[in-house]
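Trainee: Dropping in run.txt, which is compact mmCIF, C-alpha atoms (C1' of nucleotides):
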# COMPACT_ATOMS: atom_id res chain seq x y z
CA MET V 64 -12.00 -17.26 -143.61
CA THR V 65 -11.94 -16.37 -139.98
CA THR V 66 -13.76 -19.56 -139.07
CA LYS V 67 -11.25 -21.53 -141.04
CA LEU V 68 -8.36 -19.94 -139.15
CA VAL V 69 -10.07 -20.52 -135.87
CA ARG V 70 -10.67 -24.15 -136.81
CA GLN V 71 -7.06 -24.52 -137.88
CA GLN V 72 -5.81 -23.05 -134.64
CA THR V 73 -8.18 -25.31 -132.72
CA VAL V 74 -6.73 -28.36 -134.42
CA ILE V 75 -3.21 -27.28 -133.55
CA THR V 76 -4.19 -26.44 -130.00
CA ASN V 77 -5.92 -29.78 -129.50
CA ALA V 78 -2.91 -31.68 -130.76
CA PHE V 79 -0.68 -29.51 -128.63
CA HIS V 80 -2.71 -30.31 -125.52
CA ARG V 81 -3.10 -34.01 -126.18
CA ASN V 82 0.59 -34.58 -126.86
CA LEU V 83 1.73 -32.41 -124.01
CA ILE V 84 -0.59 -33.86 -121.39
CA ASP V 85 0.08 -37.44 -122.51
CA TRP V 86 3.78 -36.81 -122.24
CA PHE V 87 3.33 -35.27 -118.80
CA ARG V 88 1.34 -38.24 -117.50
CA GLN V 89 4.18 -40.53 -118.52
CA HIS V 90 7.12 -38.49 -117.38
CA ARG V 91 6.06 -36.35 -114.45
CA ARG V 92 8.26 -36.58 -111.41
CA LEU V 93 6.84 -37.42 -108.02
CA LEU V 94 7.66 -34.32 -106.01
CA PRO V 95 6.63 -33.65 -102.43
CA TRP V 96 4.53 -30.61 -103.27
CA ARG V 97 2.64 -32.50 -105.94
CA ASN V 98 0.75 -34.64 -103.49
CA LYS V 99 -1.82 -32.67 -101.54
CA ARG V 100 -2.08 -29.50 -103.58
CA THR V 101 -3.23 -27.23 -100.78
CA PRO V 102 -2.83 -23.50 -101.32
CA TYR V 103 -0.31 -23.34 -98.49
CA ARG V 104 1.88 -26.15 -99.83
CA VAL V 105 1.72 -24.82 -103.37
CA TRP V 106 2.67 -21.38 -102.13
CA ILE V 107 5.69 -22.52 -100.12
CA ALA V 108 6.89 -24.72 -102.96
CA GLU V 109 6.52 -21.98 -105.57
CA ILE V 110 8.40 -19.44 -103.47
CA MET V 111 11.19 -21.94 -102.86
CA LEU V 112 11.35 -22.78 -106.55
CA GLN V 113 11.88 -19.15 -107.53
CA GLN V 114 15.48 -18.95 -108.74
CA THR V 115 16.09 -22.36 -107.24
CA ARG V 116 16.35 -25.86 -108.66
CA VAL V 117 14.02 -28.67 -107.72
CA ASP V 118 16.79 -30.85 -106.29
CA GLN V 119 17.93 -28.09 -104.01
CA ALA V 120 14.48 -27.01 -102.88
CA GLN V 121 13.15 -30.46 -102.05
CA PRO V 122 14.90 -31.08 -98.70
CA TYR V 123 14.10 -27.52 -97.66
CA PHE V 124 10.45 -28.05 -98.52
CA ASP V 125 10.24 -31.19 -96.37
CA ARG V 126 11.94 -29.48 -93.44
CA PHE V 127 9.80 -26.38 -93.80
CA MET V 128 6.57 -28.35 -93.85
CA LYS V 129 7.59 -30.26 -90.77
CA ARG V 130 8.49 -27.10 -88.92
CA PHE V 131 5.61 -24.94 -90.22
CA PRO V 132 2.84 -27.37 -91.20
CA SER V 133 0.18 -24.72 -91.65
CA LEU V 134 -0.24 -21.10 -92.57
CA ARG V 135 -1.27 -20.45 -88.99
CA SER V 136 1.91 -21.96 -87.58
CA LEU V 137 4.03 -19.92 -89.99
CA ALA V 138 2.24 -16.71 -89.10
CA ALA V 139 2.69 -17.40 -85.40
CA ALA V 140 6.40 -18.23 -85.63
CA PRO V 141 9.18 -15.76 -84.82
CA ARG V 142 10.85 -14.45 -87.95
CA GLU V 143 14.14 -15.80 -86.66
CA ASP V 144 12.85 -19.36 -86.92
CA VAL V 145 11.69 -18.82 -90.48
CA LEU V 146 15.09 -17.45 -91.49
CA LYS V 147 16.83 -20.34 -89.76
CA CYS V 148 14.72 -22.79 -91.74
CA TRP V 149 15.67 -20.90 -94.92
CA GLU V 150 19.38 -20.73 -94.12
CA GLY V 151 21.47 -21.80 -97.11
CA LEU V 152 18.67 -21.49 -99.63
CA GLY V 153 19.58 -17.93 -100.61
CA TYR V 154 17.53 -14.91 -101.60
CA TYR V 155 16.47 -14.39 -98.03
CA SER V 156 13.94 -11.70 -98.84
CA ARG V 157 11.80 -14.63 -99.97
CA ALA V 158 11.70 -15.89 -96.39
CA ARG V 159 10.96 -12.47 -94.98
CA ASN V 160 8.21 -11.87 -97.53
CA LEU V 161 6.77 -15.32 -96.89
CA HIS V 162 6.53 -14.63 -93.21
CA GLU V 163 5.08 -11.18 -93.74
CA ALA V 164 2.52 -12.51 -96.19
CA ALA V 165 1.52 -15.30 -93.79
CA ARG V 166 0.85 -12.77 -91.07
CA HIS V 167 -1.07 -10.63 -93.52
CA ILE V 168 -3.30 -13.54 -94.55
CA ALA V 169 -3.86 -14.59 -90.95
CA ARG V 170 -4.78 -11.06 -89.93
CA ASP V 171 -6.63 -9.54 -92.89
CA HIS V 172 -8.06 -12.67 -94.49
CA LYS V 173 -8.73 -14.52 -91.24
CA GLY V 174 -6.40 -17.30 -92.38
CA ARG V 175 -8.33 -17.99 -95.59
CA PHE V 176 -5.91 -18.06 -98.48
CA PRO V 177 -6.59 -15.34 -101.09
CA ARG V 178 -7.93 -16.86 -104.28
CA THR V 179 -7.96 -14.15 -106.91
CA ARG V 180 -5.04 -13.01 -109.03
CA GLU V 181 -5.29 -9.47 -107.69
CA GLU V 182 -5.31 -10.51 -104.05
CA LEU V 183 -2.39 -12.86 -104.63
CA LEU V 184 -0.37 -10.17 -106.40
CA ALA V 185 -0.94 -7.87 -103.45
CA LEU V 186 1.05 -10.19 -101.16
CA PRO V 187 4.76 -9.52 -100.72
CA GLY V 188 6.95 -11.87 -102.74
CA ILE V 189 4.17 -12.84 -105.14
CA GLY V 190 4.54 -11.59 -108.70
CA PRO V 191 2.91 -12.65 -111.97
CA TYR V 192 4.51 -16.09 -112.05
CA THR V 193 3.69 -17.11 -108.50
CA ALA V 194 0.18 -15.67 -108.65
CA ALA V 195 -0.53 -17.75 -111.76
CA ALA V 196 1.04 -20.85 -110.22
CA ILE V 197 -0.95 -20.67 -107.00
CA GLY V 198 -4.12 -19.58 -108.80
CA SER V 199 -4.02 -22.42 -111.31
CA LEU V 200 -2.62 -25.22 -109.15
CA ALA V 201 -4.60 -24.55 -105.99
CA PHE V 202 -7.73 -22.80 -107.25
CA GLN V 203 -8.06 -23.90 -110.91
CA LEU V 204 -7.99 -20.30 -112.08
CA PRO V 205 -7.33 -19.94 -115.82
CA LEU V 206 -3.92 -18.30 -115.45
CA ALA V 207 -0.92 -19.35 -117.54
CA VAL V 208 2.45 -19.38 -115.78
CA VAL V 209 5.50 -17.93 -117.46
CA ASP V 210 8.73 -19.02 -115.85
CA GLY V 211 12.14 -19.75 -117.32
CA ASN V 212 10.97 -23.14 -118.56
CA VAL V 213 7.92 -21.77 -120.35
CA ILE V 214 9.99 -19.00 -121.91
CA ARG V 215 12.43 -21.57 -123.26
CA VAL V 216 9.76 -23.96 -124.54
CA LEU V 217 7.72 -21.30 -126.31
CA SER V 218 10.77 -19.40 -127.56
CA ARG V 219 11.63 -22.61 -129.38
CA VAL V 220 8.13 -23.55 -130.49
CA PHE V 221 7.62 -20.11 -132.03
CA ALA V 222 11.29 -19.36 -132.80
CA ILE V 223 11.12 -16.06 -130.96
CA GLU V 224 14.08 -13.91 -131.96
CA GLU V 225 14.17 -11.43 -129.08
CA PRO V 226 16.44 -12.38 -126.17
CA ALA V 227 14.78 -14.29 -123.35
CA SER V 228 15.65 -11.56 -120.88
CA SER V 229 13.78 -8.78 -122.66
CA SER V 230 10.40 -7.79 -121.34
CA LYS V 231 9.05 -7.96 -124.87
CA THR V 232 9.76 -11.68 -124.91
CA THR V 233 8.06 -12.17 -121.57
CA ARG V 234 5.00 -10.36 -122.85
CA GLN V 235 4.97 -12.34 -126.08
CA VAL V 236 5.37 -15.65 -124.27
CA GLN V 237 2.65 -14.69 -121.80
CA GLU V 238 0.27 -13.99 -124.70
CA TRP V 239 1.02 -17.35 -126.31
CA ALA V 240 0.72 -19.19 -123.03
CA ASP V 241 -2.61 -17.52 -122.26
CA ARG V 242 -3.88 -18.52 -125.69
CA LEU V 243 -2.67 -22.10 -125.40
CA LEU V 244 -3.80 -22.64 -121.82
CA LEU V 245 -5.94 -25.72 -121.32
CA GLN V 246 -9.05 -24.15 -119.87
CA GLU V 247 -10.41 -27.37 -118.38
CA ASP V 248 -7.28 -28.00 -116.35
CA PRO V 249 -4.98 -24.99 -116.17
CA GLY V 250 -2.95 -26.40 -113.28
CA THR V 251 -1.98 -29.57 -115.12
CA PHE V 252 -1.23 -27.61 -118.27
CA ASN V 253 1.09 -25.29 -116.36
CA GLU V 254 2.87 -28.14 -114.61
CA ALA V 255 3.24 -29.97 -117.91
CA MET V 256 4.80 -26.97 -119.63
CA MET V 257 7.30 -26.46 -116.84
CA GLU V 258 8.08 -30.16 -116.57
CA LEU V 259 8.68 -30.29 -120.29
CA GLY V 260 11.18 -27.47 -119.95
CA ALA V 261 12.86 -29.15 -116.99
CA LEU V 262 13.13 -32.68 -118.41
CA CYS V 263 12.95 -32.53 -122.19
CA CYS V 264 13.22 -29.03 -123.62
CA THR V 265 16.34 -28.41 -121.56
CA PRO V 266 18.68 -25.43 -121.94
CA ARG V 267 21.38 -27.62 -123.42
CA GLY V 268 20.99 -30.90 -125.27
CA PRO V 269 17.20 -30.83 -125.61
CA ASP V 270 15.67 -34.24 -126.28
CA CYS V 271 13.83 -33.21 -129.44
CA PRO V 272 13.27 -36.75 -130.76
CA ASN V 273 11.12 -37.53 -127.73
CA CYS V 274 9.45 -34.14 -127.44
CA PRO V 275 5.65 -34.11 -127.66
CA LEU V 276 5.80 -30.74 -129.44
CA ARG V 277 8.41 -31.59 -132.08
CA ALA V 278 5.85 -31.60 -134.89
CA ILE V 279 4.96 -27.97 -134.33
CA CYS V 280 8.27 -26.62 -133.01
CA GLN V 281 9.71 -24.04 -135.38
CA ALA V 282 13.17 -24.04 -133.82
CA HIS V 283 13.36 -27.81 -134.20
CA LYS V 284 12.14 -27.55 -137.78
CA LYS V 285 15.12 -25.29 -138.47
CA GLY V 286 17.39 -27.74 -136.67
CA GLN V 287 18.18 -24.93 -134.22
CA ALA V 288 16.41 -25.82 -131.00
CA GLU V 289 19.40 -25.12 -128.84
CA ALA V 290 19.89 -21.69 -130.41
CA TYR V 291 16.70 -20.57 -128.67
CA PRO V 292 15.91 -18.70 -126.59
CA ARG V 293 18.28 -16.05 -127.92
CA LYS V 294 20.66 -14.76 -125.33
CA ALA V 295 21.48 -11.15 -124.62
CA PRO V 296 25.20 -10.44 -124.25
CA ARG V 297 25.96 -10.56 -120.61
CA LYS V 298 28.03 -8.14 -118.64
CA LYS V 299 30.75 -9.29 -116.32
CA ILE V 300 30.24 -9.28 -112.62
CA PRO V 301 32.47 -7.40 -110.19
CA HIS V 302 34.78 -8.87 -107.60
CA LYS V 303 34.92 -7.42 -104.10
CA LEU V 304 37.26 -7.68 -101.16
CA VAL V 305 35.52 -7.88 -97.80
CA ALA V 306 36.72 -8.28 -94.22
CA ALA V 307 34.95 -9.83 -91.24
CA GLY V 308 35.99 -9.74 -87.61
CA VAL V 309 35.69 -12.67 -85.22
CA ILE V 310 35.50 -10.56 -82.08
CA ILE V 311 36.26 -12.52 -78.95
CA ASN V 312 35.92 -11.32 -75.37
CA SER V 313 37.55 -12.35 -72.12
CA ARG V 314 34.89 -15.00 -71.54
CA ASN V 315 35.61 -16.62 -74.92
CA GLN V 316 32.35 -15.41 -76.38
CA ILE V 317 32.00 -14.34 -80.00
CA LEU V 318 30.14 -11.28 -81.22
CA LEU V 319 27.56 -11.62 -83.94
CA ALA V 320 25.83 -8.63 -85.54
CA GLN V 321 22.39 -8.80 -87.06
CA ARG V 322 21.84 -7.15 -90.42
CA ARG V 323 19.12 -4.58 -90.72
CA ASP V 324 15.83 -5.65 -92.29
CA THR V 325 16.13 -3.26 -95.17
CA ASP V 326 19.63 -4.41 -96.10
CA MET V 327 20.49 -7.30 -98.33
CA LEU V 328 20.50 -10.53 -96.33
CA GLY V 329 18.31 -8.61 -93.89
CA GLY V 330 17.76 -10.21 -90.50
CA LEU V 331 20.65 -12.64 -90.83
CA TRP V 332 23.51 -12.73 -88.31
CA GLU V 333 27.09 -12.23 -89.38
CA PHE V 334 30.62 -11.58 -88.25
CA PRO V 335 30.73 -7.80 -88.45
CA GLY V 336 32.88 -6.06 -91.03
CA GLY V 337 32.50 -4.63 -94.48
CA LYS V 338 33.99 -3.84 -97.86
CA MET V 339 37.60 -2.80 -98.10
CA GLU V 340 38.00 0.69 -99.50
CA PRO V 341 40.59 1.22 -102.23
CA GLY V 342 44.06 0.98 -100.72
CA GLU V 343 42.76 -0.54 -97.51
CA ASP V 344 43.78 -3.96 -96.21
CA ALA V 345 41.63 -6.19 -94.02
CA VAL V 346 43.15 -4.78 -90.84
CA ALA V 347 42.49 -1.14 -91.69
CA CYS V 348 39.07 -2.04 -92.99
CA LEU V 349 38.06 -3.79 -89.78
CA GLU V 350 39.37 -0.97 -87.59
CA ARG V 351 37.21 1.47 -89.55
CA GLU V 352 34.11 -0.70 -90.02
CA LEU V 353 33.87 -1.88 -86.43
CA LYS V 354 34.10 1.68 -85.22
CA GLU V 355 31.33 2.76 -87.60
CA GLU V 356 29.12 -0.25 -87.07
CA LEU V 357 29.56 -0.96 -83.36
CA GLY V 358 31.36 2.07 -81.95
CA ILE V 359 34.36 0.08 -80.69
CA ARG V 360 38.12 0.45 -81.07
CA VAL V 361 39.79 -2.85 -81.87
CA ARG V 362 43.06 -4.62 -82.35
CA VAL V 363 42.98 -6.85 -85.39
CA GLY V 364 44.89 -10.10 -85.02
CA ASP V 365 45.74 -13.05 -87.27
CA GLU V 366 43.78 -14.11 -90.28
CA LEU V 367 41.69 -17.28 -89.74
CA LEU V 368 40.76 -17.94 -93.33
CA VAL V 369 39.66 -16.41 -96.58
CA VAL V 370 36.26 -17.47 -97.83
CA ALA V 371 35.82 -17.20 -101.58
CA HIS V 372 32.13 -16.82 -102.28
CA ALA V 373 30.13 -16.29 -105.44
CA PHE V 374 26.89 -14.36 -105.22
CA SER V 375 24.39 -13.86 -107.94
CA HIS V 376 25.78 -10.52 -108.99
CA PHE V 377 29.32 -10.40 -107.78
CA THR V 378 32.05 -12.55 -106.28
CA MET V 379 34.01 -11.81 -103.16
CA ASP V 380 36.94 -12.84 -101.02
CA LEU V 381 35.96 -12.56 -97.39
CA HIS V 382 38.98 -12.21 -95.10
CA ALA V 383 38.18 -13.30 -91.55
CA HIS V 384 40.43 -12.09 -88.73
CA TRP V 385 40.53 -12.58 -84.99
CA VAL V 386 39.69 -9.31 -83.28
CA LYS V 387 39.87 -8.00 -79.72
CA ILE V 388 38.24 -4.89 -78.36
CA ILE V 389 40.60 -2.22 -77.08
CA SER V 390 37.99 0.20 -75.82
CA GLY V 391 34.29 0.87 -75.90
CA ARG V 392 31.23 -1.34 -75.48
CA PRO V 393 29.50 -2.47 -78.65
CA ARG V 394 26.39 -0.54 -79.65
CA ALA V 395 24.13 -1.49 -82.54
CA ILE V 396 24.84 1.62 -84.61
CA GLU V 397 24.79 0.34 -88.17
CA CYS V 398 23.19 -2.98 -87.44
CA ALA V 399 19.85 -4.15 -86.05
CA ASP V 400 21.27 -5.91 -83.00
CA TYR V 401 24.28 -7.77 -81.69
CA VAL V 402 24.88 -10.69 -79.35
CA TRP V 403 27.75 -12.37 -77.52
CA THR V 404 27.57 -16.11 -77.91
CA PRO V 405 29.72 -19.10 -76.94
CA PRO V 406 31.32 -20.66 -80.03
CA ALA V 407 29.32 -23.86 -79.63
CA GLN V 408 26.10 -21.92 -80.10
CA LEU V 409 27.10 -19.94 -83.18
CA ARG V 410 25.07 -22.19 -85.43
CA MET V 411 21.84 -21.33 -83.65
CA TYR V 412 21.79 -18.06 -85.56
CA PRO V 413 20.70 -17.88 -89.20
CA MET V 414 23.69 -16.73 -91.24
CA PRO V 415 24.72 -16.14 -94.84
CA ARG V 416 26.66 -19.07 -96.25
CA ALA V 417 30.01 -17.31 -96.17
CA ASP V 418 29.59 -16.63 -92.45
CA VAL V 419 28.58 -20.25 -91.84
CA LYS V 420 32.00 -21.23 -93.18
CA ILE V 421 33.69 -18.85 -90.76
CA ALA V 422 31.53 -20.11 -87.89
CA GLU V 423 32.48 -23.72 -88.60
CA HIS V 424 36.11 -22.76 -88.70
CA VAL V 425 35.85 -20.91 -85.39
CA MET V 426 34.09 -23.82 -83.73
CA ALA V 427 36.74 -26.24 -85.00
CA ARG V 428 39.50 -24.04 -83.60
CA PHE V 429 37.83 -23.97 -80.22
CA ALA V 430 37.17 -27.69 -80.28
CA ASP V 431 40.82 -28.53 -80.89
CA GLY V 432 42.05 -25.84 -78.53
CA THR V 433 43.96 -23.79 -81.09
CA ALA V 434 41.77 -20.69 -80.85
CA THR V 435 43.70 -17.58 -79.90
C1' DA W 142 12.48 -1.24 -119.64
C1' DA W 143 16.38 -1.88 -117.19
C1' DT W 144 18.68 -2.98 -112.97
C1' DC W 145 19.32 -5.03 -108.75
C1' DC W 146 18.96 -8.53 -105.72
C1' DG W 147 24.89 -10.75 -101.90
C1' DG W 148 22.88 -18.10 -105.58
C1' DG W 149 24.19 -22.55 -106.66
C1' DG W 150 25.35 -26.06 -109.95
C1' DT W 151 28.14 -27.93 -113.75
C1' DG W 152 32.06 -28.86 -116.94
C1' DC J 100 37.47 -20.86 -112.93
C1' DA J 101 34.01 -19.78 -116.71
C1' DC J 102 29.65 -20.30 -117.73
C1' DC J 103 24.67 -21.02 -117.06
C1' DC J 104 19.73 -20.30 -115.39
C1' DA J 105 16.38 -17.24 -112.88
C1' DG J 106 11.16 -14.28 -110.42
C1' DG J 107 10.15 -10.07 -107.81
C1' DA J 108 10.81 -5.41 -106.55
C1' DT J 109 12.42 -1.06 -107.59
C1' DT J 110 13.21 2.97 -110.19
Spell out the structure here as structure tokens.
Mentor:
Amino acid sequence: MTTKLVRQQTVITNAFHRNLIDWFRQHRRLLPWRNKRTPYRVWIAEIMLQQTRVDQAQPYFDRFMKRFPSLRSLAAAPREDVLKCWEGLGYYSRARNLHEAARHIARDHKGRFPRTREELLALPGIGPYTAAAIGSLAFQLPLAVVDGNVIRVLSRVFAIEEPASSSKTTRQVQEWADRLLLQEDPGTFNEAMMELGALCCTPRGPDCPNCPLRAICQAHKKGQAEAYPRKAPRKKIPHKLVAAGVIINSRNQILLAQRRDTDMLGGLWEFPGGKMEPGEDAVACLERELKEELGIRVRVGDELLVVAHAFSHFTMDLHAHWVKIISGRPRAIECADYVWTPPAQLRMYPMPRADVKIAEHVMARFADGTAT
DNA sequence: AATCCGGGGTG
DNA sequence: CACCCAGGATT
């Protein structure tokens, strides 16, 4: 009885593997990180691909590899350079963690990349997914990855009813993936599963007729592929009003403040300001925030522009105003550092995207001579 | 187990 | 604008 079940499962598993791997060989995309699977390249690619689409990550990957071709060069670089290379990619803690982990490997592992799941998990920014990805792709460790693609594929294959976001689903999918993993070539199996999710078993409009797993897919059998994975009801995200000051001095220099490491967007440079309190307008907000943050009294002038920006967990309108200092010299009270810079050099500093928009506006105003 | 990261793309 | 997808860290 047991042997029969085992044999039956083996038949299914073999068919699963053969179809999946054949499909992958035909359809796999040629991506920069897929040639030369060194641990370092795999690592950088996997961190970039967290929460980020392939199309968006690709140019960043090429630039990053050019600028930091080796783990040693990354570890030796100033953090500022790493953030600058990451600018625009979002989730900046990834860049900070990457840099920290590189230094850790250089120092404690003498530059030899860790090659066990436990050692990988101990590095900042590496969780279960990334540890399995690096372990399988670079070191052929038998670790199954579970990312959004794998959750979608297996939620459909096994018609899992719990929402994709629940930790129960993650655990269930991890168990299935571990069981299905192609032991002889875990890296290719993992890539194939994720590629299937990206190209065929897509969130909307999955290409079931051409799917290598259609024969065993329970969601497809029910004619309900797109109904999986089940979605949890989502809550609405808040909207915030924020003000930023373009502080200009008598020498036509602009003040940038650096965010503290422990804050969100830590280490990035921005036009100082903050959230408007209830009942406050941008002017009152800037007078208060700039006193708290930099210890200066200011006169808030005209509005340059309003940047509407959507973040992952809220949206905001960022009101940028020209500002002059009435009294006091700036001190880095609620920020890590500050700097006065000529407008032309604003873009040397790594900034959040919303501040990049302000910076471009400021530079344009100076270029055409209409700056106040 | 749930929540929080200050994302970006698409229709 | 509404809607969608998404790993790690934290608590």
Trainee: For a quick check of understanding, using only C-alpha atoms, which of V:Asp241, V:Asp85, V:Asp270, V:Glu224 has the smallest distance to Leu206 (chain V)?
Mentor: V:Asp241
Trainee: At most 12 Å from (30.5, -19.4, -113.6), file frame, all atoms listed in the file: which residues, as a list in words?
Mentor: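 So the residues meeting the distance criterion are Lys299, Ile300, His372, Ala373, Phe374, Ser375, His376, Phe377 and Thr378 of chain V; DG148, DG149, DG150, DT151 and DG152 of chain W; DC100, DA101, DC102, DC103 and DC104 of chain J.
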Trainee: May I have the residues at most 9 Å from (12.3, 1.5, -111.1) in the file's coordinates, counting all atoms listed in the file, as a ChimeraX atom specification?
Mentor: /W:142-144 /J:108-110
Trainee: How far is it from CA of Lys284 (chain V) to CA of Ala261 (chain V), in Å with one decimal?
Mentor: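 Atom-to-atom, CA of Lys284 (chain V) and CA of Ala261 (chain V) are spaced 20.9 Å apart.
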Trainee: Would you compute the distance between CA of Ala194 (chain V) and CA of Glu182 (chain V)? Give it in Å to one decimal.
Mentor: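 Spanning CA of Ala194 (chain V) to CA of Glu182 (chain V) is a straight-line distance of 8.8 Å.
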Trainee: Determine, using only C-alpha atoms (C1' of nucleotides), which residues of chain V have any atom at most 6 Å from an atom of chain J, and tabulate each with its shortest atom pair and distance in Å to one decimal place, rows ordered by chain and then rising number, as a tab-separated table.
Mentor:
residue	atom	partner	partner_atom	distance
V:Gln113	CA	J:DG106	C1'	5.7
V:Gln114	CA	J:DA105	C1'	4.6
V:Gly190	CA	J:DG107	C1'	5.9
Trainee: When distances are computed from only C-alpha atoms (C1' of nucleotides), which of V:Arg157, V:Arg91, V:His167, V:Arg314 shows the smallest separation from chain W?
Mentor: V:Arg157
Trainee: Taking 6 positions as the minimum chain separation for residues in the same chain, which residues sit within 9 Å of Leu217 (chain V) when counting only C-alpha atoms (C1' of nucleotides)? Answer as an MDAnalysis selection string.
Mentor: chainID V and resid 223 236 239:240 280 292
Trainee: If we count all atoms listed in the file and set the cut-off at 10 Å, which residues sit around Glu397 (chain V), ignoring sequence neighbours fewer than 6 positions away in its own chain? Please answer as number ranges by chain.
Mentor: V: 320-323, 352-358
Trainee: Please determine, counting only C-alpha atoms, which residue among V:Ala196, V:Leu262, V:Ile84, V:Ala169 has the shortest atom-to-atom distance to Leu112 (chain V).
Mentor: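 Among the listed residues, the smallest separation from Leu112 (chain V) belongs to V:Ala196.
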Trainee: Choose the residue, out of V:Pro415, V:Gly364, V:Gly337, V:Pro191, that has the smallest atom-to-atom separation from chain W; count only C-alpha atoms (C1' of nucleotides).
Mentor: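 Among the listed residues, V:Pro415 lies closest to chain W.
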Trainee: If I take CA of Val220 (chain V) and CA of Cys271 (chain V), how far is one from the other in Å, to one decimal?
Mentor: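 CA of Cys271 (chain V) lies 11.3 Å from CA of Val220 (chain V).
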Trainee: Need the axis-aligned box for region 145-152 of chain W with 6 Å each side, so what are the centre and edges in Å to one decimal, as AutoDock Vina command-line options?
Mentor:
--center_x 25.5 --center_y -16.9 --center_z -109.4 --size_x 25.1 --size_y 35.8 --size_z 27.0
Trainee: Determine the nearest neighbour of chain W from the options V:Ala290, V:Ala434, V:Met327, V:Val213, counting only C-alpha atoms (C1' of nucleotides).
Mentor: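 Looking only at the distances to chain W, the closest residue turns out to be V:Met327.
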